[in-house]
Amino acid sequence: MSYLDLLKFAAPEAIVTLTALVVLVIGLTTSRGTVVAGVSVAMPKPAAAGAAAATRFCMLVGVLGLIIAIEAIVLLPSHANLFHGMLVISPLNSLFQIVCLVLAFFTVLLASREIPNYSEYLAIVLLATIGLLLLVSSEELLMIFIGLELTGLSLYLMTAFDKTDIRSAEAGLKYFLFGSTASAFTLFGLSFIYGMAGTTSLTAIAEGLAVQSLSPLLFAGIVMTLVGFAFKIAAAPFHLWAPDAYQGGPVSSAAFIASGSKVASFVVLGKIVLIGFGPVHGSANWHAMVAGWSPVLAVLAAFSILIGNLVALVQTNLRRLLAYSAVAHAGYTLLGIIAGGREGFSATLFYTTIYAFTLIGAFGVVALVRRETGGDDLRNFAGLRARSPLLAGCMAIFMLSLAGLPPLAGFFGKFYLFSAAFRAGANHGLLWLVALALFGSLISLYYYLIVLKVIFQTEGAEARSLSSPAQNGLSRLTIVFAAAIVLLLGIAPQFLVARIIAALQ
Amino acid sequence: MIAWTIYITFAGAVLLLFLPRAFSRWIALLTTSATFAISLATFFCHDLAHFTTIVRAPWVPALGMNYHLAVDGISLTLVLVTSITAVSSVLFSWDVDERPNEFFFWLLLVVGGSFGVFLSADLFLLFVFYELVIVPKYFLIAIWGSTNKEYGAMKLTLYSFFGGALVFIGIIAAYVSAGSLDLNELARFQFTPQLQSWAFPVLFLGFAVLAGIWPLHTWAPTGHVAAPTAGSMLLAGIVMKLGAYGGLRVAMNLFPQGFQMWRNWIAILAVIGIVYAAAVALRQRDLKFVIGYSSVSHMGFVLLGLATANVLGVSGAVLQMFSHGVIGALLFAVAGRMIYRRTHTRDLDQLSLMDLNRALPFAAFVFVIASAASMGIPGFSGFAAEITILIGVWKTFPVAVWITGAGMVLVAAFTLRALKKSFFEGGPAAPSGDVKEFAALPPSMTSPAERPIHLEPITIPEKLGAGLLMFTTVAIGIYPKFLLDRIQPAVEAMRFLAR
């Protein structure tokens, strides 16, 4: 295979890389001489105008790059497998590459342009996106690990990016320490798997594992691998970084961690356990537990649902609340993977996708409210209905979708997930997890309603607008778009479900 | 055509968000009146003996979900009572000044969702509409409610959602076992007895939470009291019927063997509910609490009728759903709009000092009619429904008739007590309540001499709404055959009947 062919198949990744580099260069050439814009050091007027033009140009380039990358994915051949699974092009991978790119697109639109060193921030977002693309499109352990690391390192930086806020630095450091430990676990686990199966390609690993019994060594490898992914998807008890990262970092970083990173992690987790570890599935049925990866994931899911929902009950900061609810949602989403099979996996994929769009919209609202009121505690949302009925309505859509109420996408997603889980276990063996998840949803409705109560009922003080209306307009548009997606996928889920099911054939 | 009740209502709701507030109540009145006209017209031109499909379109073919609506006598009866209650609740909220657009938006969502539940022939669609009703109730109560509104709203919502979670499990169990979501197909499917034995109680209990089954009824009184007038009317008139209807259409019809195993327990809970709620109502001081508990008591009759598993009992239960929808709405309209909006108190001891009989003669008239209907005086719909249920009960649970008879005496007792205290205690009798209660009164009412003799007169929308409800209860009371002739064939088509 020639390099030209490789470039053709890896066109989306290449385009995003190129965009990131261009954005960096624009930032370097224009930002010379201006000092930390964020702390509003008095700048000469022309220079300020020039910097603003440069950031706008950067954003335009970034957005264009992402759109072209999506185009490139559409133009790819429908099936290809390079280097034994290092880069696999299939309808499923392409679909989720597009989802990741769209999420990155939303993140770029939401990111505050007043952030210092905007171009660097944008470049890091794009680098993280490349990591996601690699994660989604690879079916080989080494490449998956590289994708994980690229995403992880970029996300640590994005979290710590706000140099004016000490909590951002704290969040970044925590995220980094937890994340690197988890990476070490994953790598260790993967090396065990490699040792047992003698290969790093997922399909070959499945063949290798099919002929051997579940030895303690293999089990240790599987558990360690899962620990790394549990960290990525913020499943309890590996969720401790999430509240700080969601609350401390810039809002757009949190949105990207909660959406893009999560979608890609679930896609790759599903592939690893369902394809690679398929032979050692085990069983999480309550009356017939069999050792394997599914009981491990079932325990993680149960812990996540309980801990996430119960701790979210007492949060007073909306971003922290969303973080704990994210833990709970990771638990629900795991149900589909535990159920396994085509139906379970497609339910997981559907749920994680709509969840990502919901959260990116919710974080968009948080970003705007933060810009207006200077905080993101629940009380900052008081009276949002009077200030902006549009944002309040969108937030209602996001919160109610997270709670799983119709006619929003979250309702259909939960129905799909839970019915898949119910169907999977022989003799309704997974009923305990489904009941637990429904119990969790019941708890979650309380805190989502509290958020809406504050927005719709409590009267709030007049807020002052801090940022330019144009930027707010763009963010608003993004939020409305996300709300429309959540609403439409609730009314017509067929649009996405049919695509996922077709891609899984 | 009946499907348009759903579309018109939701279209009206969406329209409300974009129009200036001056139009809001007119839009709401127009949409609800249109649904009323449609449902009444359908009574005369439709085959109502079977659950006949009216719309069917694929929705999520990958999972076997269809947009499938159907109608029979039972659903149409409930659609009719929904539209009647909806029209009158709009009329009784003519004075809502605070954010009227949002108010009527949520109100229409409750109404539209209820139409959807009654007309769905697809299990998933039914559940979508069922859950759709939950959140509007929360906002209606939490924003426009009165006494203890946030607590009442949250309690009601969490109870509904809890019931919804149980229903969810039951629905998934049916769906996964039969591989279909079509109610007509599911009703023909033979589920294993083992599945029925656990899926039926889960499903029925989930629905019955909303129907106010004892001991899961406590959301109802607090929710009714906290809700604004229209909210209480919708809760009593429509929402509680959703639960009973779900229990009949889904739980009993899908799992007949499970129903046979558990129906004695349902009957026991229903009888306890009737007597217990009536006894509690006897001791309430808040007029709305009295009516709230009376709703629980009346819904106990519905559950008891369902548990009989014979044609008369079940038809009577459906008729009672209709009847209580009208009467409950009327009682709450008097208590919430006619009395509370004017006197700003619902405390019976305080009301007894106000001589409301003379101040609000029309309200007194309406309340007498509503109380008579609620007690089951012949000539009103309540009598026709309860007598049909009791005849049905006599065939299966003779003992229950005796206990229920005692319960009906209690119902009469608390109704008369509320009636006397609120309207006919008469003039400046010696205050019987605690002295400290009076400290909370506005200064103008603290001394009998300064009592406002002249309250704001009853408005025309109130008279229209009350007239509609009173006419309905009397008309059905005199000629229940109009509904029963359409309900009975539909009940006979169901397969759980004990033959």
# chains A, B, ... in the order shown; residues from 1 in each chain; ligands from 1
$ interface_residues --of "chain B" --to "chain A" --cutoff "10 Å" --atoms "only C-alpha atoms" --output "MDAnalysis selection string"
chainID B and resid 58:63 65 124 127:135 138:139 142:144 150 154:155 157:166 168:169 171:173 175:177
$ write_last_selection --atoms "N, CA and C atoms" --output "compact mmCIF listing (two decimals), in the first residue's frame"
# COMPACT_ATOMS: atom_id res chain seq x y z
N PRO B 58 -46.30 3.03 10.57
CA PRO B 58 -45.07 2.57 11.23
C PRO B 58 -44.34 3.75 11.87
N TRP B 59 -43.80 3.50 13.04
CA TRP B 59 -43.13 4.58 13.76
C TRP B 59 -41.64 4.23 13.91
N VAL B 60 -41.34 3.16 14.63
CA VAL B 60 -39.97 2.67 14.69
C VAL B 60 -40.03 1.21 14.26
N PRO B 61 -40.06 0.95 12.96
CA PRO B 61 -40.24 -0.43 12.50
C PRO B 61 -39.17 -1.37 13.04
N ALA B 62 -37.96 -0.85 13.26
CA ALA B 62 -36.89 -1.71 13.74
C ALA B 62 -37.27 -2.38 15.06
N LEU B 63 -38.09 -1.73 15.87
CA LEU B 63 -38.44 -2.29 17.16
C LEU B 63 -39.93 -2.65 17.23
N MET B 65 -42.56 -0.75 16.69
CA MET B 65 -43.46 0.26 17.27
C MET B 65 -44.25 0.91 16.16
N PHE B 124 -46.38 0.93 23.44
CA PHE B 124 -45.34 1.94 23.62
C PHE B 124 -45.93 3.34 23.48
N PHE B 127 -47.72 4.28 26.54
CA PHE B 127 -46.82 4.63 27.62
C PHE B 127 -46.20 6.02 27.40
N VAL B 128 -45.91 6.34 26.15
CA VAL B 128 -45.38 7.68 25.84
C VAL B 128 -46.37 8.74 26.31
N PHE B 129 -47.63 8.58 25.93
CA PHE B 129 -48.64 9.57 26.33
C PHE B 129 -48.82 9.58 27.84
N TYR B 130 -48.76 8.40 28.43
CA TYR B 130 -48.96 8.27 29.87
C TYR B 130 -47.90 9.06 30.63
N GLU B 131 -46.64 8.91 30.19
CA GLU B 131 -45.56 9.61 30.87
C GLU B 131 -45.54 11.09 30.51
N LEU B 132 -46.07 11.40 29.33
CA LEU B 132 -46.11 12.80 28.88
C LEU B 132 -46.93 13.66 29.83
N VAL B 133 -47.89 13.04 30.50
CA VAL B 133 -48.79 13.81 31.36
C VAL B 133 -48.10 14.20 32.67
N ILE B 134 -47.01 13.51 33.02
CA ILE B 134 -46.42 13.70 34.35
C ILE B 134 -45.89 15.12 34.56
N VAL B 135 -45.07 15.57 33.63
CA VAL B 135 -44.34 16.81 33.87
C VAL B 135 -45.24 18.05 33.85
N TYR B 138 -46.57 18.74 37.14
CA TYR B 138 -45.62 19.34 38.08
C TYR B 138 -45.62 20.85 37.94
N PHE B 139 -45.52 21.33 36.69
CA PHE B 139 -45.42 22.77 36.50
C PHE B 139 -46.73 23.45 36.86
N ALA B 142 -46.64 23.47 40.71
CA ALA B 142 -45.54 24.17 41.37
C ALA B 142 -45.57 25.67 41.09
N ILE B 143 -46.08 26.07 39.94
CA ILE B 143 -46.06 27.49 39.62
C ILE B 143 -47.37 28.17 40.01
N TRP B 144 -48.50 27.55 39.67
CA TRP B 144 -49.77 28.25 39.87
C TRP B 144 -50.55 27.74 41.08
N GLU B 150 -45.01 23.31 46.36
CA GLU B 150 -43.82 22.63 45.87
C GLU B 150 -43.77 21.19 46.37
N MET B 154 -44.08 17.96 43.89
CA MET B 154 -43.00 16.98 43.80
C MET B 154 -43.49 15.60 44.21
N LYS B 155 -44.32 15.55 45.25
CA LYS B 155 -44.83 14.26 45.72
C LYS B 155 -45.64 13.59 44.61
N THR B 157 -45.53 14.14 41.41
CA THR B 157 -44.72 13.77 40.26
C THR B 157 -43.92 12.51 40.54
N LEU B 158 -43.34 12.43 41.74
CA LEU B 158 -42.53 11.25 42.03
C LEU B 158 -43.40 10.00 42.15
N TYR B 159 -44.58 10.14 42.73
CA TYR B 159 -45.49 9.00 42.78
C TYR B 159 -45.86 8.54 41.37
N SER B 160 -46.20 9.53 40.52
CA SER B 160 -46.58 9.16 39.14
C SER B 160 -45.43 8.46 38.46
N PHE B 161 -44.23 9.00 38.67
CA PHE B 161 -43.06 8.41 37.99
C PHE B 161 -42.76 7.03 38.55
N PHE B 162 -42.99 6.85 39.85
CA PHE B 162 -42.80 5.53 40.45
C PHE B 162 -43.77 4.54 39.82
N GLY B 163 -45.03 4.96 39.72
CA GLY B 163 -46.00 4.11 39.04
C GLY B 163 -45.57 3.83 37.62
N GLY B 164 -45.07 4.89 36.96
CA GLY B 164 -44.60 4.74 35.59
C GLY B 164 -43.47 3.72 35.50
N ALA B 165 -42.58 3.70 36.50
CA ALA B 165 -41.47 2.75 36.46
C ALA B 165 -41.97 1.32 36.55
N LEU B 166 -42.98 1.09 37.42
CA LEU B 166 -43.56 -0.25 37.50
C LEU B 166 -44.21 -0.64 36.17
N PHE B 168 -43.47 0.45 33.31
CA PHE B 168 -42.36 0.24 32.38
C PHE B 168 -41.90 -1.23 32.42
N ILE B 169 -41.69 -1.74 33.64
CA ILE B 169 -41.24 -3.13 33.75
C ILE B 169 -42.28 -4.07 33.16
N ILE B 171 -44.56 -3.45 30.93
CA ILE B 171 -44.65 -3.30 29.48
C ILE B 171 -43.50 -4.01 28.80
N ILE B 172 -42.29 -3.84 29.35
CA ILE B 172 -41.14 -4.50 28.73
C ILE B 172 -41.31 -6.00 28.81
N ALA B 173 -41.84 -6.48 29.94
CA ALA B 173 -42.05 -7.93 30.08
C ALA B 173 -43.01 -8.44 29.00
N TYR B 175 -43.72 -6.96 26.14
CA TYR B 175 -43.11 -6.73 24.83
C TYR B 175 -42.09 -7.81 24.50
N VAL B 176 -41.23 -8.09 25.48
CA VAL B 176 -40.16 -9.05 25.22
C VAL B 176 -40.72 -10.46 25.06
N SER B 177 -41.77 -10.79 25.85
CA SER B 177 -42.30 -12.15 25.75
C SER B 177 -43.09 -12.36 24.47
$ residues_around --residues "Leu202 of chain A" --least-positions-apart "5" --cutoff "8 Å" --atoms "only C-alpha atoms" --output "ChimeraX atom specification"
/A:85,139-141,272,275-276
$ residues_around --residues "Tyr175 of chain A" --least-positions-apart "6" --cutoff "12 Å" --atoms "only C-alpha atoms" --output "JSON, numbers by chain"
{"A": [152, 153, 154, 155, 156, 157, 158, 159, 160, 167, 168, 169, 181, 182, 183, 231, 232, 234, 238, 239, 240, 241, 242, 243, 244, 245, 246, 247, 248, 249, 254, 257]}
$ residues_around --residues "Ile274 of chain B" --least-positions-apart "5" --cutoff "7 Å" --atoms "only C-alpha atoms" --output "list in words"
Ser297, His298, Gly300, Phe301, Thr404 and Gly407 of chain B
$ select_by_dssp --residues "segment 67-164 of chain B" --states "alpha helix (DSSP H)" --output "number ranges by chain"
B: 73-92, 100-119, 123-132, 134-144, 149-164
$ closest_residue --among "B:Phe367, B:Phe204, B:Phe51, B:Phe289" --to "Trp219 of chain B" --atoms "only C-alpha atoms"
B:Phe289
$ residues_around --residues "Ala210 of chain A" --least-positions-apart "3" --cutoff "9 Å" --atoms "only C-alpha atoms" --output "number ranges by chain"
A: 205-207, 213, 277-280
$ residues_around --residues "Ala385 of chain B" --least-positions-apart "2" --cutoff "6 Å" --atoms "only C-alpha atoms" --output "number ranges by chain"
B: 316, 319-320, 382-383, 387-388
$ residues_around --residues "segment 223-234 of chain B" --least-positions-apart "6" --cutoff "7 Å" --atoms "only C-alpha atoms" --output "PDB file with C-alpha atoms, in the first residue's frame"
ATOM      1  CA  THR B  85     -63.506  18.393  32.044  1.00  0.00           C
ATOM      2  CA  SER B  89     -61.381  23.672  33.532  1.00  0.00           C
ATOM      3  CA  VAL B  90     -60.484  26.285  30.922  1.00  0.00           C
ATOM      4  CA  PHE B  92     -62.782  27.989  35.479  1.00  0.00           C
ATOM      5  CA  SER B  93     -59.282  29.347  34.853  1.00  0.00           C
ATOM      6  CA  LEU B 140     -49.149  23.452  36.817  1.00  0.00           C
ATOM      7  CA  ILE B 141     -48.989  22.821  40.527  1.00  0.00           C
ATOM      8  CA  TRP B 144     -49.774  28.251  39.874  1.00  0.00           C
ATOM      9  CA  GLY B 145     -50.695  26.200  42.931  1.00  0.00           C
ATOM     10  CA  SER B 146     -51.535  27.236  46.460  1.00  0.00           C
ATOM     11  CA  THR B 147     -51.030  25.571  49.847  1.00  0.00           C
ATOM     12  CA  ASN B 148     -47.697  23.764  50.102  1.00  0.00           C
ATOM     13  CA  LYS B 149     -47.439  23.684  46.333  1.00  0.00           C
ATOM     14  CA  GLY B 152     -47.483  18.620  46.670  1.00  0.00           C
ATOM     15  CA  ALA B 153     -46.169  18.939  43.126  1.00  0.00           C
ATOM     16  CA  LEU B 156     -47.380  13.833  42.956  1.00  0.00           C
ATOM     17  CA  LYS B 288     -60.122  20.689  49.318  1.00  0.00           C
ATOM     18  CA  PHE B 289     -58.732  17.906  51.487  1.00  0.00           C
ATOM     19  CA  GLY B 292     -59.360  15.096  47.679  1.00  0.00           C
ATOM     20  CA  GLY B 328     -64.899  15.625  41.057  1.00  0.00           C
ATOM     21  CA  ALA B 329     -64.204  18.442  38.642  1.00  0.00           C
ATOM     22  CA  PHE B 332     -63.035  21.218  42.938  1.00  0.00           C
ATOM     23  CA  ALA B 333     -64.351  24.046  40.791  1.00  0.00           C
ATOM     24  CA  GLY B 336     -61.051  26.203  44.349  1.00  0.00           C
ATOM     25  CA  ARG B 337     -62.477  28.871  42.097  1.00  0.00           C
TER      26      ARG B 337
END
